[in-house]
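Raw query26.cif, mmCIF, C-alpha atoms:
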```
data_target
#
loop_
_atom_site.group_PDB
_atom_site.id
_atom_site.type_symbol
_atom_site.label_atom_id
_atom_site.label_comp_id
_atom_site.auth_asym_id
_atom_site.auth_seq_id
_atom_site.Cartn_x
_atom_site.Cartn_y
_atom_site.Cartn_z
ATOM 1 C CA MET B 1 38.207 63.721 74.147
ATOM 2 C CA ILE B 2 37.933 62.652 70.491
ATOM 3 C CA ILE B 3 41.641 61.769 70.458
ATOM 4 C CA LYS B 4 41.137 59.662 73.598
ATOM 5 C CA LYS B 5 38.268 57.789 71.967
ATOM 6 C CA ILE B 6 40.354 57.093 68.858
ATOM 7 C CA ILE B 7 43.296 55.876 70.962
ATOM 8 C CA ARG B 8 40.957 53.563 72.879
ATOM 9 C CA LYS B 9 39.534 52.128 69.653
ATOM 10 C CA ILE B 10 43.001 51.488 68.223
ATOM 11 C CA ARG B 11 44.118 49.901 71.499
ATOM 12 C CA ARG B 12 41.053 47.662 71.593
ATOM 13 C CA PHE B 13 41.589 46.559 67.984
ATOM 14 C CA PHE B 14 45.273 45.781 68.630
ATOM 15 C CA TYR B 15 44.787 43.826 71.864
ATOM 16 C CA THR B 16 41.764 41.952 70.486
ATOM 17 C CA PHE B 17 43.955 40.756 67.612
ATOM 18 C CA ILE B 18 46.687 39.499 69.994
ATOM 19 C CA ALA B 19 44.131 37.744 72.184
ATOM 20 C CA SER B 20 42.334 36.125 69.237
ATOM 21 C CA LEU B 21 45.476 34.111 68.424
ATOM 22 C CA GLY B 22 44.892 32.007 71.542
ATOM 23 C CA ILE B 23 41.144 31.423 71.209
ATOM 24 C CA LYS B 24 40.087 27.981 70.007
ATOM 25 C CA GLU B 25 36.371 28.600 69.690
ATOM 26 C CA LYS B 26 34.086 31.575 70.262
ATOM 27 C CA LYS B 27 30.362 32.136 69.967
ATOM 28 C CA GLY B 28 30.258 35.898 69.592
ATOM 29 C CA PRO B 29 32.243 39.131 69.731
ATOM 30 C CA VAL B 30 35.185 39.447 72.153
ATOM 31 C CA PHE B 31 36.291 42.812 73.604
ATOM 32 C CA VAL B 32 39.851 43.157 74.870
ATOM 33 C CA ASN B 33 41.103 46.500 76.183
ATOM 34 C CA PHE B 34 44.474 45.604 77.693
ATOM 35 C CA TYR B 35 47.182 43.005 77.136
ATOM 36 C CA SER B 36 45.613 39.542 77.249
ATOM 37 C CA LYS B 37 47.059 36.219 76.206
ATOM 38 C CA PHE B 38 45.193 32.914 75.917
ATOM 39 C CA ASN B 39 46.614 29.412 75.751
ATOM 40 C CA GLY B 40 45.136 28.096 72.488
ATOM 41 C CA ASN B 41 42.723 25.827 74.375
ATOM 42 C CA THR B 42 40.223 28.493 75.413
ATOM 43 C CA TYR B 43 36.496 28.334 74.602
ATOM 44 C CA LEU B 44 34.587 31.615 74.906
ATOM 45 C CA GLY B 45 30.868 32.369 75.023
ATOM 46 C CA LYS B 46 29.232 35.405 73.461
ATOM 47 C CA ASN B 47 29.855 39.035 74.491
ATOM 48 C CA VAL B 48 32.868 38.477 76.725
ATOM 49 C CA GLY B 49 35.059 41.389 77.785
ATOM 50 C CA PHE B 50 38.621 41.283 79.093
ATOM 51 C CA ASN B 51 40.725 44.078 80.563
ATOM 52 C CA GLY B 52 43.954 42.150 80.876
ATOM 53 C CA MET B 53 43.745 38.389 81.381
ATOM 54 C CA VAL B 54 46.616 35.927 81.016
ATOM 55 C CA ILE B 55 45.844 32.193 80.781
ATOM 56 C CA LYS B 56 48.865 29.968 81.444
ATOM 57 C CA GLY B 57 49.362 26.257 80.813
ATOM 58 C CA LYS B 58 47.674 23.982 78.274
ATOM 59 C CA GLY B 59 44.580 22.987 80.269
ATOM 60 C CA LYS B 60 41.116 23.556 78.856
ATOM 61 C CA VAL B 61 39.412 26.813 79.845
ATOM 62 C CA ILE B 62 35.701 27.307 79.202
ATOM 63 C CA ILE B 63 34.257 30.786 79.749
ATOM 64 C CA GLY B 64 30.505 31.410 79.490
ATOM 65 C CA ASP B 65 28.474 34.288 78.070
ATOM 66 C CA TYR B 66 28.673 37.906 79.290
ATOM 67 C CA PHE B 67 31.871 37.428 81.269
ATOM 68 C CA HIS B 68 33.699 40.605 82.353
ATOM 69 C CA SER B 69 37.101 40.933 83.973
ATOM 70 C CA GLY B 70 39.220 43.601 85.599
ATOM 71 C CA GLN B 71 42.907 44.245 85.002
ATOM 72 C CA GLU B 72 45.923 41.967 85.592
ATOM 73 C CA CYS B 73 43.919 38.741 86.032
ATOM 74 C CA LEU B 74 45.545 35.318 85.770
ATOM 75 C CA ILE B 75 44.346 31.740 85.235
ATOM 76 C CA VAL B 76 46.869 28.935 85.867
ATOM 77 C CA THR B 77 46.015 25.517 84.389
ATOM 78 C CA GLU B 78 49.237 23.490 84.694
ATOM 79 C CA TYR B 79 51.118 22.226 87.737
ATOM 80 C CA PRO B 80 54.017 19.863 88.299
ATOM 81 C CA ASN B 81 52.925 16.986 90.581
ATOM 82 C CA ASP B 82 55.056 15.027 93.088
ATOM 83 C CA LYS B 83 56.355 12.635 90.373
ATOM 84 C CA GLY B 84 57.743 15.537 88.381
ATOM 85 C CA GLU B 85 55.135 15.241 85.636
ATOM 86 C CA ILE B 86 53.097 18.190 84.476
ATOM 87 C CA GLU B 87 49.423 17.897 85.282
ATOM 88 C CA LYS B 88 46.732 19.753 83.346
ATOM 89 C CA LYS B 89 43.601 20.921 85.105
ATOM 90 C CA ASP B 90 40.563 22.481 83.490
ATOM 91 C CA VAL B 91 38.834 25.676 84.547
ATOM 92 C CA ILE B 92 35.124 26.241 83.966
ATOM 93 C CA ILE B 93 33.577 29.696 84.302
ATOM 94 C CA GLU B 94 29.810 29.896 83.753
ATOM 95 C CA ASP B 95 27.639 32.752 82.418
ATOM 96 C CA PHE B 96 27.436 36.279 83.925
ATOM 97 C CA VAL B 97 30.596 35.980 86.019
ATOM 98 C CA TRP B 98 32.466 39.151 86.898
ATOM 99 C CA PHE B 99 36.088 39.400 88.118
ATOM 100 C CA GLY B 100 37.685 42.381 89.852
ATOM 101 C CA ASP B 101 41.300 43.469 89.352
ATOM 102 C CA ARG B 102 44.206 41.068 89.995
ATOM 103 C CA VAL B 103 42.136 37.920 90.462
ATOM 104 C CA ILE B 104 44.055 34.621 90.264
ATOM 105 C CA VAL B 105 42.182 31.391 89.428
ATOM 106 C CA LEU B 106 43.904 28.040 89.930
ATOM 107 C CA GLY B 107 43.259 24.883 87.866
ATOM 108 C CA GLY B 108 40.410 22.458 88.564
ATOM 109 C CA VAL B 109 38.038 25.200 89.701
ATOM 110 C CA LYS B 110 34.434 25.744 88.617
ATOM 111 C CA ILE B 111 32.857 29.165 89.112
ATOM 112 C CA GLY B 112 29.054 29.187 89.139
ATOM 113 C CA GLU B 113 26.627 31.396 87.257
ATOM 114 C CA GLY B 114 26.394 35.038 88.310
ATOM 115 C CA ALA B 115 29.335 34.901 90.716
ATOM 116 C CA ILE B 116 31.385 37.996 91.564
ATOM 117 C CA ILE B 117 35.045 37.710 92.610
ATOM 118 C CA GLN B 118 36.498 40.583 94.656
ATOM 119 C CA ALA B 119 39.682 42.356 93.558
ATOM 120 C CA GLY B 120 42.931 40.661 94.589
ATOM 121 C CA SER B 121 41.349 37.276 95.378
ATOM 122 C CA VAL B 122 42.900 33.860 94.795
ATOM 123 C CA VAL B 123 40.254 31.268 93.835
ATOM 124 C CA MET B 124 41.299 27.742 94.894
ATOM 125 C CA GLU B 125 37.934 26.004 95.407
ATOM 126 C CA ASP B 126 34.635 25.886 93.551
ATOM 127 C CA ILE B 127 32.441 28.966 93.900
ATOM 128 C CA PRO B 128 28.636 28.349 93.985
ATOM 129 C CA LYS B 129 26.011 30.127 91.891
ATOM 130 C CA TYR B 130 25.176 33.794 92.660
ATOM 131 C CA ALA B 131 27.984 34.032 95.254
ATOM 132 C CA ILE B 132 30.142 37.059 95.994
ATOM 133 C CA ALA B 133 33.539 35.771 97.072
ATOM 134 C CA GLY B 134 36.846 37.302 98.105
ATOM 135 C CA GLY B 135 40.049 36.700 100.005
ATOM 136 C CA ASN B 136 43.082 34.501 99.749
ATOM 137 C CA PRO B 137 41.874 31.709 99.609
ATOM 138 C CA ALA B 138 38.569 33.056 98.251
ATOM 139 C CA LYS B 139 35.558 32.484 100.497
ATOM 140 C CA VAL B 140 31.900 33.326 99.946
ATOM 141 C CA PHE B 141 30.785 36.250 102.121
ATOM 142 C CA LYS B 142 27.528 37.280 100.483
ATOM 143 C CA TYR B 143 24.999 36.285 97.848
ATOM 144 C CA ARG B 144 23.365 38.234 95.059
ATOM 145 C CA ASP B 145 19.646 39.066 95.095
ATOM 146 C CA ILE B 146 18.609 35.836 93.317
ATOM 147 C CA GLU B 147 15.028 36.885 92.440
ATOM 148 C CA HIS B 148 16.286 40.132 90.892
ATOM 149 C CA PHE B 149 18.947 38.221 88.942
ATOM 150 C CA GLU B 150 16.526 35.606 87.577
ATOM 151 C CA LYS B 151 13.992 38.311 86.637
ATOM 152 C CA LEU B 152 16.573 40.276 84.614
ATOM 153 C CA LYS B 153 17.814 37.055 83.026
ATOM 154 C CA LYS B 154 14.297 36.158 81.866
ATOM 155 C CA GLU B 155 13.798 39.652 80.463
ATOM 156 C CA GLY B 156 17.108 39.365 78.643
ATOM 157 C CA LYS B 157 18.585 42.546 80.121
ATOM 158 C CA VAL B 158 22.318 41.985 79.865
ATOM 159 C CA HIS B 159 25.406 44.141 79.811
ATOM 160 C CA MET Q 1 61.966 56.436 79.294
ATOM 161 C CA GLY Q 2 62.541 58.120 82.633
ATOM 162 C CA ILE Q 3 62.089 61.573 81.125
ATOM 163 C CA LEU Q 4 58.938 60.540 79.262
ATOM 164 C CA THR Q 5 57.345 59.115 82.423
ATOM 165 C CA SER Q 6 58.106 62.249 84.417
ATOM 166 C CA ILE Q 7 56.523 64.443 81.715
ATOM 167 C CA LEU Q 8 53.437 62.220 81.600
ATOM 168 C CA ASN Q 9 53.278 62.225 85.411
ATOM 169 C CA LYS Q 10 53.328 66.031 85.527
ATOM 170 C CA TRP Q 11 50.523 66.144 82.995
ATOM 171 C CA ARG Q 12 48.431 63.571 84.880
ATOM 172 C CA LEU Q 13 49.118 65.259 88.247
ATOM 173 C CA LYS Q 14 47.211 68.365 87.094
ATOM 174 C CA ARG Q 15 43.974 66.522 87.800
ATOM 175 C CA ALA Q 16 44.808 65.940 91.478
ATOM 176 C CA LYS Q 17 43.963 68.600 94.076
ATOM 177 C CA GLY Q 18 45.422 69.521 97.479
ATOM 178 C CA SER Q 19 48.661 71.216 98.573
ATOM 179 C CA LYS Q 20 51.024 68.698 96.894
ATOM 180 C CA LYS Q 21 54.044 70.116 98.776
ATOM 181 C CA ASN Q 22 57.249 67.992 98.658
ATOM 182 C CA LEU Q 23 55.467 65.390 96.550
ATOM 183 C CA VAL Q 24 57.643 62.537 95.238
ATOM 184 C CA LEU Q 25 56.467 60.590 92.188
ATOM 185 C CA LYS Q 26 58.196 57.445 90.909
ATOM 186 C CA GLY Q 27 57.154 55.350 87.915
ATOM 187 C CA SER Q 28 53.907 56.105 86.129
ATOM 188 C CA CYS Q 29 51.111 57.164 88.477
ATOM 189 C CA TYR Q 30 47.461 57.660 87.521
ATOM 190 C CA PHE Q 31 45.160 60.229 89.141
ATOM 191 C CA THR Q 32 41.486 61.125 88.979
ATOM 192 C CA ASN Q 33 40.062 64.611 89.534
ATOM 193 C CA LYS Q 34 38.675 63.552 92.928
ATOM 194 C CA VAL Q 35 42.121 62.887 94.460
ATOM 195 C CA VAL Q 36 43.342 65.255 97.228
ATOM 196 C CA LEU Q 37 47.016 65.001 98.223
ATOM 197 C CA GLY Q 38 48.590 66.412 101.422
ATOM 198 C CA ASN Q 39 52.187 67.430 102.220
ATOM 199 C CA ASN Q 40 55.246 65.109 102.013
ATOM 200 C CA VAL Q 41 53.486 62.362 100.053
ATOM 201 C CA TYR Q 42 55.538 59.624 98.357
ATOM 202 C CA LEU Q 43 53.891 57.724 95.477
ATOM 203 C CA GLU Q 44 55.419 54.895 93.475
ATOM 204 C CA GLU Q 45 53.456 53.503 90.491
ATOM 205 C CA VAL Q 46 50.165 54.136 92.287
ATOM 206 C CA LYS Q 47 46.835 53.940 90.473
ATOM 207 C CA PHE Q 48 43.853 55.923 91.739
ATOM 208 C CA LYS Q 49 40.661 54.625 90.134
ATOM 209 C CA GLY Q 50 36.976 55.390 90.324
ATOM 210 C CA GLN Q 51 34.674 58.374 90.837
ATOM 211 C CA GLY Q 52 34.731 58.587 94.653
ATOM 212 C CA ASN Q 53 36.817 61.081 96.640
ATOM 213 C CA ILE Q 54 40.267 59.792 97.618
ATOM 214 C CA ILE Q 55 41.829 61.926 100.345
ATOM 215 C CA ILE Q 56 45.500 61.377 101.237
ATOM 216 C CA GLY Q 57 46.851 63.041 104.403
ATOM 217 C CA ASN Q 58 50.333 64.337 105.269
ATOM 218 C CA ASN Q 59 53.554 62.245 105.456
ATOM 219 C CA VAL Q 60 52.028 59.277 103.653
ATOM 220 C CA LYS Q 61 54.233 56.738 101.861
ATOM 221 C CA ILE Q 62 52.641 54.458 99.274
ATOM 222 C CA ASN Q 63 54.845 51.841 97.630
ATOM 223 C CA SER Q 64 54.746 50.344 94.156
ATOM 224 C CA LYS Q 65 51.757 49.014 92.238
ATOM 225 C CA THR Q 66 49.151 49.836 94.853
ATOM 226 C CA ILE Q 67 45.607 50.385 93.550
ATOM 227 C CA PHE Q 68 42.860 52.531 95.110
ATOM 228 C CA ILE Q 69 39.398 51.530 93.854
ATOM 229 C CA SER Q 70 36.693 54.043 94.823
ATOM 230 C CA ASP Q 71 33.738 52.710 92.850
ATOM 231 C CA ILE Q 72 32.256 49.477 91.528
ATOM 232 C CA HIS Q 73 29.660 48.703 88.907
ATOM 233 C CA ASN Q 74 26.127 48.563 90.283
ATOM 234 C CA TYR Q 75 25.323 44.857 90.622
ATOM 235 C CA LYS Q 76 22.651 45.209 93.343
ATOM 236 C CA THR Q 77 19.786 47.271 91.969
ATOM 237 C CA GLY Q 78 20.743 47.779 88.336
ATOM 238 C CA ASN Q 79 18.661 46.859 85.315
ATOM 239 C CA ALA Q 80 21.162 44.532 83.655
ATOM 240 C CA ILE Q 81 23.295 41.539 84.630
ATOM 241 C CA PRO Q 82 26.056 41.007 85.707
ATOM 242 C CA TYR Q 83 26.032 44.802 86.173
ATOM 243 C CA ASP Q 84 24.668 47.892 84.430
ATOM 244 C CA SER Q 85 26.229 51.207 83.433
ATOM 245 C CA THR Q 86 25.708 52.948 86.810
ATOM 246 C CA TYR Q 87 28.162 52.855 89.714
ATOM 247 C CA ILE Q 88 28.190 52.468 93.492
ATOM 248 C CA ILE Q 89 30.540 55.187 94.793
ATOM 249 C CA LYS Q 90 32.206 55.462 98.227
ATOM 250 C CA ASP Q 91 35.123 57.589 99.463
ATOM 251 C CA ILE Q 92 38.557 56.444 100.623
ATOM 252 C CA ILE Q 93 40.326 58.403 103.379
ATOM 253 C CA VAL Q 94 44.003 57.908 104.265
ATOM 254 C CA GLU Q 95 44.979 59.846 107.418
ATOM 255 C CA ASP Q 96 48.444 61.214 108.345
ATOM 256 C CA ASN Q 97 51.640 59.119 108.740
ATOM 257 C CA VAL Q 98 50.324 55.991 107.033
ATOM 258 C CA TRP Q 99 52.594 53.570 105.216
ATOM 259 C CA ILE Q 100 51.143 51.264 102.539
ATOM 260 C CA GLY Q 101 53.286 48.376 101.253
ATOM 261 C CA ASP Q 102 53.778 47.223 97.678
ATOM 262 C CA ARG Q 103 51.002 45.625 95.581
ATOM 263 C CA SER Q 104 48.242 46.356 98.058
ATOM 264 C CA ILE Q 105 44.669 47.087 97.053
ATOM 265 C CA ILE Q 106 42.525 49.576 98.992
ATOM 266 C CA LEU Q 107 38.829 49.075 98.313
ATOM 267 C CA MET Q 108 36.106 51.696 98.474
ATOM 268 C CA GLY Q 109 34.587 53.044 101.689
ATOM 269 C CA VAL Q 110 37.716 52.428 103.759
ATOM 270 C CA ARG Q 111 39.367 54.780 106.275
ATOM 271 C CA LEU Q 112 43.004 54.159 107.239
ATOM 272 C CA GLY Q 113 43.661 55.558 110.728
ATOM 273 C CA LYS Q 114 46.594 57.792 111.764
ATOM 274 C CA GLY Q 115 49.954 56.015 111.777
ATOM 275 C CA SER Q 116 48.658 52.646 110.574
ATOM 276 C CA ILE Q 117 50.774 50.281 108.476
ATOM 277 C CA ILE Q 118 49.433 48.166 105.600
ATOM 278 C CA MET Q 119 51.735 45.224 104.864
ATOM 279 C CA PRO Q 120 52.678 44.429 101.227
ATOM 280 C CA GLY Q 121 50.129 42.423 99.225
ATOM 281 C CA SER Q 122 47.183 43.178 101.506
ATOM 282 C CA VAL Q 123 43.660 43.905 100.362
ATOM 283 C CA VAL Q 124 41.955 46.319 102.752
ATOM 284 C CA VAL Q 125 38.188 45.839 102.832
ATOM 285 C CA LYS Q 126 37.211 47.603 106.069
ATOM 286 C CA ASP Q 127 38.395 50.467 108.299
ATOM 287 C CA VAL Q 128 41.805 50.251 109.967
ATOM 288 C CA PRO Q 129 42.093 51.802 113.476
ATOM 289 C CA PRO Q 130 44.974 54.220 114.254
ATOM 290 C CA LYS Q 131 48.476 52.797 114.912
ATOM 291 C CA THR Q 132 47.557 49.306 113.734
ATOM 292 C CA ILE Q 133 49.506 46.925 111.497
ATOM 293 C CA VAL Q 134 47.320 44.909 109.105
ATOM 294 C CA ALA Q 135 48.124 42.185 106.551
ATOM 295 C CA GLY Q 136 46.490 39.609 104.265
ATOM 296 C CA HIS Q 137 43.333 39.411 102.222
ATOM 297 C CA PRO Q 138 40.978 40.388 103.843
ATOM 298 C CA ALA Q 139 43.415 42.567 105.846
ATOM 299 C CA GLN Q 140 43.469 41.665 109.535
ATOM 300 C CA GLU Q 141 45.248 43.138 112.528
ATOM 301 C CA ILE Q 142 48.611 41.532 113.282
ATOM 302 C CA GLY Q 143 50.010 44.075 115.742
ATOM 303 C CA LYS Q 144 50.256 47.628 117.010
ATOM 304 C CA VAL Q 145 52.771 50.367 116.250
ATOM 305 C CA ASN Q 146 54.814 51.365 119.334
ATOM 306 C CA GLY Q 147 55.052 54.945 120.516
#
```
Could I get this structure in the form of structure tokens?
Amino acid sequence: MIIKKIIRKIRRFFYTFIASLGIKEKKGPVFVNFYSKFNGNTYLGKNVGFNGMVIKGKGKVIIGDYFHSGQECLIVTEYPNDKGEIEKKDVIIEDFVWFGDRVIVLGGVKIGEGAIIQAGSVVMEDIPKYAIAGGNPAKVFKYRDIEHFEKLKKEGKVH
Amino acid sequence: MGILTSILNKWRLKRAKGSKKNLVLKGSCYFTNKVVLGNNVYLEEVKFKGQGNIIIGNNVKINSKTIFISDIHNYKTGNAIPYDSTYIIKDIIVEDNVWIGDRSIILMGVRLGKGSIIMPGSVVVKDVPPKTIVAGHPAQEIGKVNG
């Protein structure tokens, strides 16, 4: 068990270094456990954790505080349009958002505070606050307990 | 590399329970100690995750890069946001003669009925009845298996 812990620490140190090359601005510590690569135009909040997130294209990506992600996630910020030019689209992810495994987010999307995205989803449209969304394309099927969420937020109980 | 993966697979397979007769492993597979495998199971780069029981029946074929997720962080009643350190745990049951296509995801609390087929790239979020073909995310019925 001790060997496992040491391996995990080394892995985290190594992948955090690789990921930090692509971060433009950050407010606090960043935890990266698996291979992650950012595009050099990424703005991170405080206490964000990644378990494998690749950001492609040169669009601006803003990620809020206390974001957590699963494995093999992908954010795409560049598309060719019908004239053959490359179009950049920004992605905004607010505070307390949580992604499952293999989530894909397309450019021009805004994900609201406290949202949860189910594993394997493809997010193509804006997701409202406190929503739990899933599917391809991702649709809202449930909401969080908003009172509970606001109460914990006021008390400052965060993960 | 092939030899190294097979050694690692053998080591990881010790955690799994069940008969494990005629088991075929390809690529690197990951097991938890709550996994139960039946006879004639074929696994290709499959990841079993979470603390819930995952029970695989006989003559099951699971293709590459499929993930089984048997728990999620507690986001409902926990004492931290977006989630706390506790988990919501539910079991996954795969019955006999099921085929699961590549890159699928099976979420917790799901039961795959006898002889059902999961098309590649699906995400299964609810129970699948026996002899049914499902596809998409969320996985929906697209047909029945003959015979």
*Explicit residues for the PyMOL selection byres ((chain Q) within 9 of (chain B)) (as number ranges by chain)*: Q: 75-77, 79-85, 104-105, 107, 121-123, 136-139
*If you apply the PyMOL selection byres ((chain B and resi 89) around 7) to this file, what residues do you get, as a VMD selection string?*
chain B and resid 59 77 to 78 87 to 88 90 to 91 107 to 108
*Could you jot down the CA of Glu141 (chain Q) to CA of Ile72 (chain Q) separation for me, Å, one decimal place?*
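These two atoms are separated by 25.5 Å.
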_Selection result for the PyMOL selection byres ((chain Q and resi 89) around 6) on this file, as number ranges by chain_ = Q: 52, 71, 88, 90
*Contact residues around region 45-47 of chain B with only C-alpha atoms at 10 Å, ignoring same-chain residues under 2 positions, as a ChimeraX atom specification*: /B:25-31,43,49,62-68,94-95,158-159
*In Å, how far is it from CA of Lys58 (chain B) to CA of Gly70 (chain B)?*
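Between CA of Lys58 (chain B) and CA of Gly70 (chain B) the gap works out to 22.6 Å.
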*asked:* Report, in Å to a single decimal, how far apart CA of Val60 (chain Q) and CA of Arg111 (chain Q) are.
replied: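 CA of Val60 (chain Q) lies at a distance of 13.7 Å from CA of Arg111 (chain Q).
Shortest separation to Ile62 (chain Q) among Q:Gly27, Q:Pro120, Q:Gly50, Q:Gly101 occurs at residue Q:Gly101, atoms counted being all atoms listed in the file.
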_Residues within 8 Å of (40.5, 51.2, 98.0), counting all atoms listed in the file, listed as a list in words_ =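 Every polymer residue passing the test: Ile67, Phe68, Ile69, Ser70, Ile92, Ile105, Ile106, Leu107, Met108, Gly109, Val110, Val124 and Val125 of chain Q.
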Write the selection just made, keeping C-alpha atoms, as a PDB file, in the frame of the given file?
```pdb
ATOM      1  CA  ILE Q  67      45.607  50.385  93.550  1.00  0.00           C
ATOM      2  CA  PHE Q  68      42.860  52.531  95.110  1.00  0.00           C
ATOM      3  CA  ILE Q  69      39.398  51.530  93.854  1.00  0.00           C
ATOM      4  CA  SER Q  70      36.693  54.043  94.823  1.00  0.00           C
ATOM      5  CA  ILE Q  92      38.557  56.444 100.623  1.00  0.00           C
ATOM      6  CA  ILE Q 105      44.669  47.087  97.053  1.00  0.00           C
ATOM      7  CA  ILE Q 106      42.525  49.576  98.992  1.00  0.00           C
ATOM      8  CA  LEU Q 107      38.829  49.075  98.313  1.00  0.00           C
ATOM      9  CA  MET Q 108      36.106  51.696  98.474  1.00  0.00           C
ATOM     10  CA  GLY Q 109      34.587  53.044 101.689  1.00  0.00           C
ATOM     11  CA  VAL Q 110      37.716  52.428 103.759  1.00  0.00           C
ATOM     12  CA  VAL Q 124      41.955  46.319 102.752  1.00  0.00           C
ATOM     13  CA  VAL Q 125      38.188  45.839 102.832  1.00  0.00           C
TER      14      VAL Q 125
END
```
*B:Asp82, B:Ile93, B:Glu125, B:Val103: which is nearest Ser69 (chain B), counting only C-alpha atoms?*
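Selected residue with least distance to Ser69 (chain B): B:Val103.
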